[in-house]
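Printed here is model.cif (mmCIF, C-alpha atoms):
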data_input
loop_
_atom_site.group_PDB
_atom_site.id
_atom_site.type_symbol
_atom_site.label_atom_id
_atom_site.label_comp_id
_atom_site.auth_asym_id
_atom_site.auth_seq_id
_atom_site.Cartn_x
_atom_site.Cartn_y
_atom_site.Cartn_z
ATOM 1 C CA MET A 649 11.496 -8.692 -9.574
ATOM 2 C CA VAL A 650 12.908 -7.266 -12.792
ATOM 3 C CA ALA A 651 15.357 -4.363 -12.671
ATOM 4 C CA ALA A 652 14.609 -1.491 -15.039
ATOM 5 C CA THR A 653 16.030 1.860 -16.076
ATOM 6 C CA GLY A 654 13.713 3.909 -13.862
ATOM 7 C CA THR A 655 9.969 3.656 -13.306
ATOM 8 C CA SER A 656 9.203 4.806 -16.842
ATOM 9 C CA MET A 657 10.984 1.798 -18.321
ATOM 10 C CA ALA A 658 9.431 -0.465 -15.674
ATOM 11 C CA ASN A 659 5.966 0.695 -16.767
ATOM 12 C CA HIS A 660 6.908 0.207 -20.421
ATOM 13 C CA LEU A 661 8.122 -3.340 -19.751
ATOM 14 C CA ALA A 662 4.930 -4.245 -17.905
ATOM 15 C CA MET A 663 2.675 -2.839 -20.620
ATOM 16 C CA ALA A 664 4.689 -4.429 -23.431
ATOM 17 C CA ALA A 665 4.609 -7.823 -21.715
ATOM 18 C CA LEU A 666 0.868 -7.698 -21.058
ATOM 19 C CA LEU A 667 -0.579 -6.099 -24.183
ATOM 20 C CA ASN A 668 -0.933 -7.053 -27.815
ATOM 21 C CA SER A 669 -1.995 -4.649 -30.531
ATOM 22 C CA GLY A 670 -5.747 -4.131 -30.276
ATOM 23 C CA ASP A 671 -5.980 -5.127 -26.605
ATOM 24 C CA GLU A 672 -7.985 -2.833 -24.368
ATOM 25 C CA ILE A 673 -6.314 -0.841 -21.598
ATOM 26 C CA LEU A 674 -8.017 1.265 -18.928
ATOM 27 C CA ILE A 675 -6.046 4.327 -17.777
ATOM 28 C CA GLU A 676 -6.991 6.858 -15.126
ATOM 29 C CA HIS A 677 -7.726 10.499 -15.944
ATOM 30 C CA PRO A 678 -5.761 12.652 -15.247
ATOM 31 C CA THR A 679 -2.597 10.702 -15.916
ATOM 32 C CA TYR A 680 1.091 10.987 -16.673
ATOM 33 C CA GLU A 681 1.361 11.562 -20.430
ATOM 34 C CA LEU A 682 3.979 8.859 -20.948
ATOM 35 C CA LEU A 683 1.516 6.117 -19.958
ATOM 36 C CA LEU A 684 -0.800 7.162 -22.770
ATOM 37 C CA ASN A 685 2.096 7.413 -25.206
ATOM 38 C CA VAL A 686 3.278 3.872 -24.468
ATOM 39 C CA ALA A 687 -0.253 2.484 -24.802
ATOM 40 C CA GLU A 688 -0.639 4.225 -28.166
ATOM 41 C CA TYR A 689 2.769 2.977 -29.324
ATOM 42 C CA LEU A 690 1.779 -0.597 -28.466
ATOM 43 C CA GLY A 691 -1.436 -0.270 -30.477
ATOM 44 C CA ALA A 692 -3.735 -0.683 -27.468
ATOM 45 C CA GLN A 693 -7.345 0.484 -27.421
ATOM 46 C CA ILE A 694 -7.433 3.105 -24.664
ATOM 47 C CA ARG A 695 -10.387 3.628 -22.358
ATOM 48 C CA ARG A 696 -10.450 6.026 -19.401
ATOM 49 C CA PHE A 697 -11.891 6.335 -15.911
ATOM 50 C CA SER A 698 -12.009 9.548 -13.898
ATOM 51 C CA ARG A 699 -10.297 10.582 -10.689
ATOM 52 C CA ARG A 700 -12.077 13.858 -10.043
ATOM 53 C CA PHE A 701 -10.709 16.926 -8.313
ATOM 54 C CA GLU A 702 -14.094 17.291 -6.600
ATOM 55 C CA ASP A 703 -13.608 13.802 -5.107
ATOM 56 C CA ASN A 704 -10.065 14.581 -3.923
ATOM 57 C CA PHE A 705 -8.672 12.574 -6.869
ATOM 58 C CA ALA A 706 -9.738 9.377 -5.098
ATOM 59 C CA VAL A 707 -9.920 6.073 -6.944
ATOM 60 C CA GLU A 708 -13.619 5.247 -7.077
ATOM 61 C CA PRO A 709 -14.250 1.573 -7.994
ATOM 62 C CA ARG A 710 -17.622 2.519 -9.494
ATOM 63 C CA GLU A 711 -15.802 4.664 -12.076
ATOM 64 C CA ILE A 712 -13.697 1.667 -13.075
ATOM 65 C CA GLU A 713 -16.781 -0.565 -13.203
ATOM 66 C CA ARG A 714 -18.403 1.857 -15.658
ATOM 67 C CA ALA A 715 -15.392 1.835 -17.966
ATOM 68 C CA VAL A 716 -14.222 -1.787 -17.839
ATOM 69 C CA THR A 717 -15.349 -4.269 -20.502
ATOM 70 C CA PRO A 718 -14.787 -7.995 -21.116
ATOM 71 C CA ARG A 719 -11.983 -6.951 -23.492
ATOM 72 C CA THR A 720 -10.012 -5.048 -20.838
ATOM 73 C CA ARG A 721 -6.588 -6.617 -20.332
ATOM 74 C CA LEU A 722 -4.890 -4.006 -18.140
ATOM 75 C CA ILE A 723 -5.962 -1.339 -15.637
ATOM 76 C CA ILE A 724 -3.400 1.324 -14.696
ATOM 77 C CA LEU A 725 -3.368 3.248 -11.406
ATOM 78 C CA THR A 726 -0.963 5.596 -9.674
ATOM 79 C CA ASN A 727 -1.941 5.542 -6.055
ATOM 80 C CA LEU A 728 -0.541 5.619 -2.526
ATOM 81 C CA HIS A 729 -3.160 3.264 -1.118
ATOM 82 C CA ASN A 730 -3.745 -0.421 -1.737
ATOM 83 C CA PRO A 731 -6.391 -0.450 -4.498
ATOM 84 C CA SER A 732 -8.098 -3.530 -3.079
ATOM 85 C CA GLY A 733 -11.482 -2.389 -4.400
ATOM 86 C CA VAL A 734 -10.191 -2.862 -7.935
ATOM 87 C CA LEU A 735 -9.240 -6.512 -7.383
ATOM 88 C CA GLU A 736 -12.686 -8.035 -7.921
ATOM 89 C CA ILE A 737 -13.277 -5.879 -10.995
ATOM 90 C CA ALA A 738 -9.997 -7.065 -12.512
ATOM 91 C CA ARG A 739 -10.777 -10.685 -11.675
ATOM 92 C CA SER A 740 -14.209 -10.453 -13.270
ATOM 93 C CA VAL A 741 -12.728 -9.720 -16.709
ATOM 94 C CA GLY A 742 -9.370 -11.481 -16.352
ATOM 95 C CA ALA A 743 -7.385 -8.229 -16.345
ATOM 96 C CA ARG A 744 -4.176 -7.299 -14.558
ATOM 97 C CA VAL A 745 -3.705 -4.107 -12.545
ATOM 98 C CA LEU A 746 -0.519 -2.078 -12.971
ATOM 99 C CA VAL A 747 0.148 0.231 -10.005
ATOM 100 C CA ASP A 748 2.883 2.854 -10.267
ATOM 101 C CA GLU A 749 4.078 3.107 -6.648
ATOM 102 C CA VAL A 750 6.948 5.543 -7.168
ATOM 103 C CA TYR A 751 5.548 7.852 -4.446
ATOM 104 C CA LEU A 752 4.557 5.104 -2.002
ATOM 105 C CA ASP A 753 7.667 5.458 0.167
ATOM 106 C CA ALA A 754 7.003 9.180 0.607
ATOM 107 C CA ALA A 755 4.645 8.173 3.412
ATOM 108 C CA PHE A 756 7.721 6.667 5.149
ATOM 109 C CA THR A 757 6.664 4.908 8.385
ATOM 110 C CA ARG A 758 2.965 5.411 7.501
ATOM 111 C CA ALA A 759 3.286 3.868 4.054
ATOM 112 C CA PRO A 760 0.733 1.135 3.299
ATOM 113 C CA ARG A 761 1.885 -2.215 2.004
ATOM 114 C CA SER A 762 2.593 -2.518 -1.674
ATOM 115 C CA ALA A 763 -0.345 -3.555 -3.851
ATOM 116 C CA PHE A 764 1.826 -6.485 -4.948
ATOM 117 C CA HIS A 765 0.705 -8.272 -1.769
ATOM 118 C CA LEU A 766 -2.874 -8.306 -3.061
ATOM 119 C CA GLY A 767 -2.095 -11.163 -5.431
ATOM 120 C CA GLU A 768 -0.948 -12.142 -8.894
ATOM 121 C CA HIS A 769 -3.404 -9.819 -10.631
ATOM 122 C CA PHE A 770 -1.240 -6.901 -9.484
ATOM 123 C CA VAL A 771 1.963 -5.655 -11.085
ATOM 124 C CA VAL A 772 3.790 -2.811 -9.323
ATOM 125 C CA THR A 773 6.585 -0.478 -10.371
ATOM 126 C CA SER A 774 8.819 1.924 -8.474
ATOM 127 C CA SER A 775 12.299 3.445 -8.337
ATOM 128 C CA LEU A 776 14.750 5.470 -6.255
ATOM 129 C CA THR A 777 13.936 8.614 -8.230
ATOM 130 C CA LYS A 778 11.071 10.591 -6.713
ATOM 131 C CA VAL A 779 11.224 10.011 -2.967
ATOM 132 C CA TYR A 780 14.953 9.466 -2.570
ATOM 133 C CA GLY A 781 16.140 12.069 -5.083
ATOM 134 C CA LEU A 782 18.399 9.653 -6.980
ATOM 135 C CA SER A 783 17.084 10.123 -10.499
ATOM 136 C CA GLY A 784 20.560 10.009 -12.039
ATOM 137 C CA LEU A 785 20.978 6.362 -11.068
ATOM 138 C CA ARG A 786 17.939 5.300 -13.113
ATOM 139 C CA CYS A 787 17.328 2.517 -10.600
ATOM 140 C CA GLY A 788 13.823 1.155 -11.099
ATOM 141 C CA TRP A 789 12.062 -2.186 -10.782
ATOM 142 C CA VAL A 790 8.856 -4.055 -11.438
ATOM 143 C CA LEU A 791 7.295 -6.783 -9.300
ATOM 144 C CA ALA A 792 5.091 -9.366 -10.999
ATOM 145 C CA ALA A 793 4.081 -13.018 -11.021
ATOM 146 C CA PRO A 794 6.952 -15.294 -12.168
ATOM 147 C CA ASP A 795 5.609 -15.993 -15.674
ATOM 148 C CA LEU A 796 5.091 -12.306 -16.374
ATOM 149 C CA ALA A 797 8.429 -11.358 -14.811
ATOM 150 C CA GLU A 798 10.123 -13.811 -17.182
ATOM 151 C CA ARG A 799 8.552 -12.080 -20.205
ATOM 152 C CA MET A 800 9.600 -8.672 -18.928
ATOM 153 C CA TRP A 801 13.144 -9.880 -18.262
ATOM 154 C CA ARG A 802 13.410 -11.042 -21.886
ATOM 155 C CA LEU A 803 12.060 -7.726 -23.168
ATOM 156 C CA ASN A 804 14.453 -5.801 -20.936
ATOM 157 C CA ASP A 805 17.333 -7.818 -22.339
ATOM 158 C CA LEU A 806 16.267 -6.805 -25.851
ATOM 159 C CA PHE A 807 15.714 -3.134 -25.010
ATOM 160 C CA GLY A 808 18.835 -2.489 -22.964
ATOM 161 C CA VAL A 809 21.119 -5.553 -23.048
ATOM 162 C CA ALA A 810 22.935 -4.360 -19.905
ATOM 163 C CA ALA A 811 22.605 -1.429 -17.532
ATOM 164 C CA ALA A 812 25.451 1.012 -16.893
ATOM 165 C CA HIS A 813 27.657 -0.812 -14.387
ATOM 166 C CA PRO A 814 28.727 2.308 -12.398
ATOM 167 C CA ALA A 815 25.055 3.235 -11.900
ATOM 168 C CA GLU A 816 24.278 -0.306 -10.751
ATOM 169 C CA ARG A 817 27.124 -0.230 -8.226
ATOM 170 C CA LEU A 818 26.010 3.146 -6.884
ATOM 171 C CA SER A 819 22.417 1.893 -6.685
ATOM 172 C CA VAL A 820 23.571 -1.013 -4.507
ATOM 173 C CA VAL A 821 25.334 1.468 -2.209
ATOM 174 C CA ALA A 822 22.162 3.579 -2.044
ATOM 175 C CA LEU A 823 19.987 0.563 -1.232
ATOM 176 C CA ASP A 824 22.420 -0.434 1.529
ATOM 177 C CA HIS A 825 21.989 3.042 3.065
ATOM 178 C CA LEU A 826 18.320 3.558 2.272
ATOM 179 C CA ASP A 827 17.323 4.168 5.901
ATOM 180 C CA GLU A 828 19.752 7.090 6.124
ATOM 181 C CA ILE A 829 18.640 8.504 2.777
ATOM 182 C CA ALA A 830 14.996 8.121 3.833
ATOM 183 C CA ALA A 831 15.624 9.957 7.121
ATOM 184 C CA HIS A 832 17.122 12.898 5.234
ATOM 185 C CA ALA A 833 14.275 12.903 2.697
ATOM 186 C CA ARG A 834 11.641 12.689 5.440
ATOM 187 C CA ALA A 835 13.063 15.676 7.340
ATOM 188 C CA LEU A 836 13.351 17.725 4.157
ATOM 189 C CA LEU A 837 9.831 16.932 2.980
ATOM 190 C CA GLU A 838 8.260 17.593 6.375
ATOM 191 C CA THR A 839 9.789 21.080 6.383
ATOM 192 C CA ASN A 840 8.934 21.790 2.758
ATOM 193 C CA ARG A 841 5.390 20.448 3.066
ATOM 194 C CA ALA A 842 4.790 22.795 6.002
ATOM 195 C CA LEU A 843 6.000 25.717 3.859
ATOM 196 C CA LEU A 844 3.733 24.692 1.008
ATOM 197 C CA LYS A 845 0.716 24.197 3.278
ATOM 198 C CA ARG A 846 1.089 27.706 4.709
ATOM 199 C CA PHE A 847 1.431 29.083 1.199
ATOM 200 C CA LEU A 848 -1.706 27.354 -0.087
ATOM 201 C CA ASP A 849 -3.705 28.331 2.998
ATOM 202 C CA SER A 850 -2.815 31.970 2.333
ATOM 203 C CA ARG A 851 -4.091 31.984 -1.258
ATOM 204 C CA ASP A 852 -7.692 32.514 -2.340
ATOM 205 C CA ASP A 853 -6.725 32.174 -6.000
ATOM 206 C CA LEU A 854 -5.667 28.530 -5.666
ATOM 207 C CA ARG A 855 -7.602 25.421 -4.700
ATOM 208 C CA ALA A 856 -5.779 22.205 -3.966
ATOM 209 C CA VAL A 857 -6.307 18.668 -2.772
ATOM 210 C CA TRP A 858 -3.748 18.339 0.003
ATOM 211 C CA PRO A 859 -1.842 15.065 -0.532
ATOM 212 C CA GLU A 860 -1.218 12.805 2.444
ATOM 213 C CA ALA A 861 2.360 12.321 1.279
ATOM 214 C CA GLY A 862 4.600 12.944 -1.693
ATOM 215 C CA THR A 863 6.757 15.623 -3.241
ATOM 216 C CA MET A 864 4.132 17.343 -5.409
ATOM 217 C CA VAL A 865 0.871 19.226 -5.216
ATOM 218 C CA PHE A 866 -1.479 19.966 -8.116
ATOM 219 C CA PRO A 867 -3.467 23.155 -7.399
ATOM 220 C CA ARG A 868 -6.244 24.576 -9.548
ATOM 221 C CA LEU A 869 -5.905 28.203 -10.604
ATOM 222 C CA VAL A 870 -9.152 30.018 -9.787
ATOM 223 C CA ARG A 871 -8.519 33.199 -11.802
ATOM 224 C CA GLY A 872 -6.679 33.625 -15.077
ATOM 225 C CA THR A 873 -5.031 30.955 -17.193
ATOM 226 C CA VAL A 874 -2.236 28.587 -16.273
ATOM 227 C CA ASP A 875 -0.443 29.243 -19.575
ATOM 228 C CA SER A 876 -0.245 32.953 -18.796
ATOM 229 C CA LEU A 877 0.894 32.284 -15.239
ATOM 230 C CA CYS A 878 3.630 29.916 -16.415
ATOM 231 C CA ALA A 879 4.831 32.420 -19.013
ATOM 232 C CA ARG A 880 4.972 35.224 -16.437
ATOM 233 C CA LEU A 881 6.809 33.016 -13.956
ATOM 234 C CA GLN A 882 9.477 32.133 -16.503
ATOM 235 C CA GLU A 883 9.871 35.510 -18.173
ATOM 236 C CA VAL A 884 9.689 37.778 -15.134
ATOM 237 C CA TYR A 885 10.580 35.604 -12.141
ATOM 238 C CA GLU A 886 12.828 32.922 -13.713
ATOM 239 C CA THR A 887 10.762 30.237 -11.994
ATOM 240 C CA SER A 888 8.926 27.226 -13.380
ATOM 241 C CA VAL A 889 5.957 25.067 -12.488
ATOM 242 C CA VAL A 890 4.630 22.228 -14.645
ATOM 243 C CA PRO A 891 1.504 23.170 -16.634
ATOM 244 C CA GLY A 892 -1.478 20.912 -16.095
ATOM 245 C CA THR A 893 -1.756 20.317 -19.836
ATOM 246 C CA PHE A 894 0.913 17.634 -19.362
ATOM 247 C CA PHE A 895 -1.598 15.812 -17.141
ATOM 248 C CA GLU A 896 -4.755 16.597 -19.162
ATOM 249 C CA MET A 897 -5.973 19.276 -16.717
ATOM 250 C CA PRO A 898 -5.082 22.702 -18.169
ATOM 251 C CA GLU A 899 -6.635 24.614 -15.276
ATOM 252 C CA HIS A 900 -4.109 23.065 -12.866
ATOM 253 C CA PHE A 901 -0.329 23.182 -12.472
ATOM 254 C CA ARG A 902 2.168 21.088 -10.538
ATOM 255 C CA ILE A 903 4.475 22.345 -7.799
ATOM 256 C CA GLY A 904 7.436 20.211 -6.744
ATOM 257 C CA ILE A 905 8.948 20.552 -3.272
ATOM 258 C CA GLY A 906 11.696 17.949 -3.320
ATOM 259 C CA GLY A 907 14.544 20.470 -3.462
ATOM 260 C CA ASP A 908 16.514 22.481 -0.946
ATOM 261 C CA THR A 909 14.227 24.270 1.538
ATOM 262 C CA GLU A 910 15.644 27.728 0.795
ATOM 263 C CA MET A 911 15.037 27.186 -2.916
ATOM 264 C CA VAL A 912 11.468 25.987 -2.287
ATOM 265 C CA ALA A 913 10.757 29.011 -0.069
ATOM 266 C CA GLU A 914 12.152 31.380 -2.703
ATOM 267 C CA GLY A 915 10.152 29.642 -5.416
ATOM 268 C CA LEU A 916 6.920 30.028 -3.451
ATOM 269 C CA GLU A 917 7.658 33.731 -2.907
ATOM 270 C CA ARG A 918 8.123 34.190 -6.642
ATOM 271 C CA LEU A 919 4.948 32.249 -7.373
ATOM 272 C CA ALA A 920 3.074 34.488 -4.928
ATOM 273 C CA ALA A 921 4.428 37.578 -6.687
ATOM 274 C CA ALA A 922 3.356 36.237 -10.078
ATOM 275 C CA LEU A 923 -0.123 35.471 -8.762
ATOM 276 C CA ASP A 924 -0.379 38.875 -7.083
ATOM 277 C CA ALA A 925 0.390 40.542 -10.422
ATOM 278 C CA GLY A 926 -3.136 39.547 -11.389
ATOM 279 C CA PRO A 927 -4.800 37.233 -13.907
ATOM 280 C CA SER A 928 -4.110 37.603 -17.586
#
As structure tokens, the full file:
Amino acid sequence: MVAATGTSMANHLAMAALLNSGDEILIEHPTYELLLNVAEYLGAQIRRFSRRFEDNFAVEPREIERAVTPRTRLIILTNLHNPSGVLEIARSVGARVLVDEVYLDAAFTRAPRSAFHLGEHFVVTSSLTKVYGLSGLRCGWVLAAPDLAERMWRLNDLFGVAAAHPAERLSVVALDHLDEIAAHARALLETNRALLKRFLDSRDDLRAVWPEAGTMVFPRLVRGTVDSLCARLQEVYETSVVPGTFFEMPEHFRIGIGGDTEMVAEGLERLAAALDAGPS
């Protein structure tokens, strides 16, 4: 295990340790923009495979098989489930699989085992940020085979030299009390997810894949444009959602429900009002 300044740095370390300029990387679509940016910065040749809305954003091994080539060195996934179907594909071309598991613990007692247990082809990253609400600590990590972990440790030493000691001490305290923090997060998310589910069920202008766990949902706007909706929300209702353009799907937007329940309820009411104002 290599400690990192959040999941973003953990992903950067893994990619930097595995890729040379010109190497081929396979990244899911849609994806978090930063993953593409890091791959471009490292000079990698980027190929894509689709996780389609119509297929509930599932990881379909056949999509990866279509996109992978003998030059593929890394496959990147963000998924709550063990991507065991990808293992043989990765083995066949000698690639590694990087799995961002930052939302894995959101399933709490139902969470599947980490993909790290599938073998040395897998590299996994996570942090205390998304599920536990401790983004300010920047406590992240990456799990990898010993030889790869050694390379990442050396890179981390070059990038950061040393982490902020107060944040490290507070992270240790948080890890010592993780069961209590998880219990609070679980209760909050169960309540907020119920609110969000009722909201989505009441709307005929939104279509969404309901996630089994997590703090986000990514609905598709049926009428109007997301840019116009986001502008109206900010200008009239002082409320924000994340436009889908940040995830390569401009007809979608992201709703986060990790905050206080009263705030989430108020935010959904304002979103409903903005939607009811009509498409533009």
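Separating atom CA of Leu916 of chain A from atom CA of Gly654 of chain A is a distance of 28.9 Å.
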Taking the file as I've supplied it (selection: the PyMOL selection byres ((chain A and resi 656-672) around 10)), which residues are included? Please answer as JSON, numbers by chain.
{"A": [650, 651, 652, 653, 654, 655, 673, 674, 675, 682, 683, 685, 686, 687, 688, 689, 690, 691, 692, 693, 694, 695, 716, 717, 718, 719, 720, 721, 722, 723, 724, 743, 744, 746, 747, 748, 750, 771, 772, 773, 774, 775, 786, 787, 788, 789, 790, 791, 792, 796, 797, 798, 799, 800, 801, 802, 803, 804, 807]}
Output of the PyMOL selection byres ((chain A and resi 736) around 12), listed as a list in words:
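Given this file, the PyMOL selection byres ((chain A and resi 736) around 12) evaluates to Pro709, Arg710, Ile712, Glu713, Val716, Pro731, Ser732, Gly733, Val734, Leu735, Ile737, Ala738, Arg739, Ser740, Val741, Gly742, Ala743, Arg744, Val745, Leu766, Gly767, His769 and Phe770 of chain A.
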Would you compute, for all listed atoms of segment 828-842 of chain A, the axis-aligned bounding box grown by 8 Å on each side, and then report its centre and edge lengths in Å rounded to one decimal, as AutoDock Vina command-line options?
--center_x 12.3 --center_y 14.9 --center_z 5.0 --size_x 31.0 --size_y 31.7 --size_z 20.6
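In this comparison, which uses all atoms listed in the file, the residue of A:Pro859, A:Arg817, A:Val874, A:Ala835 approaching Phe894 of chain A most closely is A:Val874.
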Is it possible to add N, CA and C atoms to segment 703-727 of chain A and hand it back as a PDB file, in the coordinates of the input?
ATOM      1  N   ASP A 703     -13.641  14.980  -5.983  1.00  0.00           N
ATOM      2  CA  ASP A 703     -13.608  13.802  -5.107  1.00  0.00           C
ATOM      3  C   ASP A 703     -12.216  13.578  -4.517  1.00  0.00           C
ATOM      4  N   ASN A 704     -11.430  14.649  -4.465  1.00  0.00           N
ATOM      5  CA  ASN A 704     -10.065  14.581  -3.923  1.00  0.00           C
ATOM      6  C   ASN A 704      -9.172  13.608  -4.697  1.00  0.00           C
ATOM      7  N   PHE A 705      -9.443  13.460  -5.984  1.00  0.00           N
ATOM      8  CA  PHE A 705      -8.672  12.574  -6.869  1.00  0.00           C
ATOM      9  C   PHE A 705      -8.664  11.123  -6.382  1.00  0.00           C
ATOM     10  N   ALA A 706      -9.676  10.751  -5.616  1.00  0.00           N
ATOM     11  CA  ALA A 706      -9.738   9.377  -5.098  1.00  0.00           C
ATOM     12  C   ALA A 706     -10.028   8.389  -6.226  1.00  0.00           C
ATOM     13  N   VAL A 707      -9.562   7.161  -6.033  1.00  0.00           N
ATOM     14  CA  VAL A 707      -9.920   6.073  -6.944  1.00  0.00           C
ATOM     15  C   VAL A 707     -11.281   5.541  -6.517  1.00  0.00           C
ATOM     16  N   GLU A 708     -12.269   5.707  -7.368  1.00  0.00           N
ATOM     17  CA  GLU A 708     -13.619   5.247  -7.077  1.00  0.00           C
ATOM     18  C   GLU A 708     -13.885   3.976  -7.891  1.00  0.00           C
ATOM     19  N   PRO A 709     -14.011   2.814  -7.243  1.00  0.00           N
ATOM     20  CA  PRO A 709     -14.250   1.573  -7.994  1.00  0.00           C
ATOM     21  C   PRO A 709     -15.430   1.652  -8.951  1.00  0.00           C
ATOM     22  N   ARG A 710     -16.457   2.428  -8.602  1.00  0.00           N
ATOM     23  CA  ARG A 710     -17.622   2.519  -9.494  1.00  0.00           C
ATOM     24  C   ARG A 710     -17.244   3.154 -10.837  1.00  0.00           C
ATOM     25  N   GLU A 711     -16.262   4.064 -10.821  1.00  0.00           N
ATOM     26  CA  GLU A 711     -15.802   4.664 -12.076  1.00  0.00           C
ATOM     27  C   GLU A 711     -15.123   3.616 -12.955  1.00  0.00           C
ATOM     28  N   ILE A 712     -14.363   2.734 -12.324  1.00  0.00           N
ATOM     29  CA  ILE A 712     -13.697   1.667 -13.075  1.00  0.00           C
ATOM     30  C   ILE A 712     -14.727   0.675 -13.598  1.00  0.00           C
ATOM     31  N   GLU A 713     -15.724   0.365 -12.769  1.00  0.00           N
ATOM     32  CA  GLU A 713     -16.781  -0.565 -13.203  1.00  0.00           C
ATOM     33  C   GLU A 713     -17.505  -0.047 -14.439  1.00  0.00           C
ATOM     34  N   ARG A 714     -17.716   1.279 -14.504  1.00  0.00           N
ATOM     35  CA  ARG A 714     -18.403   1.857 -15.658  1.00  0.00           C
ATOM     36  C   ARG A 714     -17.576   1.722 -16.938  1.00  0.00           C
ATOM     37  N   ALA A 715     -16.266   1.783 -16.790  1.00  0.00           N
ATOM     38  CA  ALA A 715     -15.392   1.835 -17.966  1.00  0.00           C
ATOM     39  C   ALA A 715     -14.876   0.476 -18.413  1.00  0.00           C
ATOM     40  N   VAL A 716     -14.810  -0.492 -17.504  1.00  0.00           N
ATOM     41  CA  VAL A 716     -14.222  -1.787 -17.839  1.00  0.00           C
ATOM     42  C   VAL A 716     -15.155  -2.577 -18.758  1.00  0.00           C
ATOM     43  N   THR A 717     -14.569  -3.400 -19.621  1.00  0.00           N
ATOM     44  CA  THR A 717     -15.349  -4.269 -20.502  1.00  0.00           C
ATOM     45  C   THR A 717     -14.717  -5.659 -20.487  1.00  0.00           C
ATOM     46  N   PRO A 718     -15.387  -6.656 -21.053  1.00  0.00           N
ATOM     47  CA  PRO A 718     -14.787  -7.995 -21.116  1.00  0.00           C
ATOM     48  C   PRO A 718     -13.479  -8.037 -21.906  1.00  0.00           C
ATOM     49  N   ARG A 719     -13.204  -6.989 -22.693  1.00  0.00           N
ATOM     50  CA  ARG A 719     -11.983  -6.951 -23.492  1.00  0.00           C
ATOM     51  C   ARG A 719     -10.822  -6.273 -22.767  1.00  0.00           C
ATOM     52  N   THR A 720     -11.070  -5.752 -21.572  1.00  0.00           N
ATOM     53  CA  THR A 720     -10.012  -5.048 -20.838  1.00  0.00           C
ATOM     54  C   THR A 720      -8.942  -6.031 -20.379  1.00  0.00           C
ATOM     55  N   ARG A 721      -7.702  -5.748 -20.716  1.00  0.00           N
ATOM     56  CA  ARG A 721      -6.588  -6.617 -20.332  1.00  0.00           C
ATOM     57  C   ARG A 721      -5.704  -5.999 -19.261  1.00  0.00           C
ATOM     58  N   LEU A 722      -5.760  -4.670 -19.116  1.00  0.00           N
ATOM     59  CA  LEU A 722      -4.890  -4.006 -18.140  1.00  0.00           C
ATOM     60  C   LEU A 722      -5.558  -2.749 -17.626  1.00  0.00           C
ATOM     61  N   ILE A 723      -5.478  -2.550 -16.303  1.00  0.00           N
ATOM     62  CA  ILE A 723      -5.962  -1.339 -15.637  1.00  0.00           C
ATOM     63  C   ILE A 723      -4.749  -0.675 -14.996  1.00  0.00           C
ATOM     64  N   ILE A 724      -4.568   0.623 -15.233  1.00  0.00           N
ATOM     65  CA  ILE A 724      -3.400   1.324 -14.696  1.00  0.00           C
ATOM     66  C   ILE A 724      -3.829   2.348 -13.658  1.00  0.00           C
ATOM     67  N   LEU A 725      -3.146   2.314 -12.506  1.00  0.00           N
ATOM     68  CA  LEU A 725      -3.368   3.248 -11.406  1.00  0.00           C
ATOM     69  C   LEU A 725      -2.034   3.835 -10.956  1.00  0.00           C
ATOM     70  N   THR A 726      -2.087   5.054 -10.436  1.00  0.00           N
ATOM     71  CA  THR A 726      -0.963   5.596  -9.674  1.00  0.00           C
ATOM     72  C   THR A 726      -1.554   6.025  -8.339  1.00  0.00           C
ATOM     73  N   ASN A 727      -1.226   5.312  -7.301  1.00  0.00           N
ATOM     74  CA  ASN A 727      -1.941   5.542  -6.055  1.00  0.00           C
ATOM     75  C   ASN A 727      -1.096   5.171  -4.856  1.00  0.00           C
TER      76      ASN A 727
END
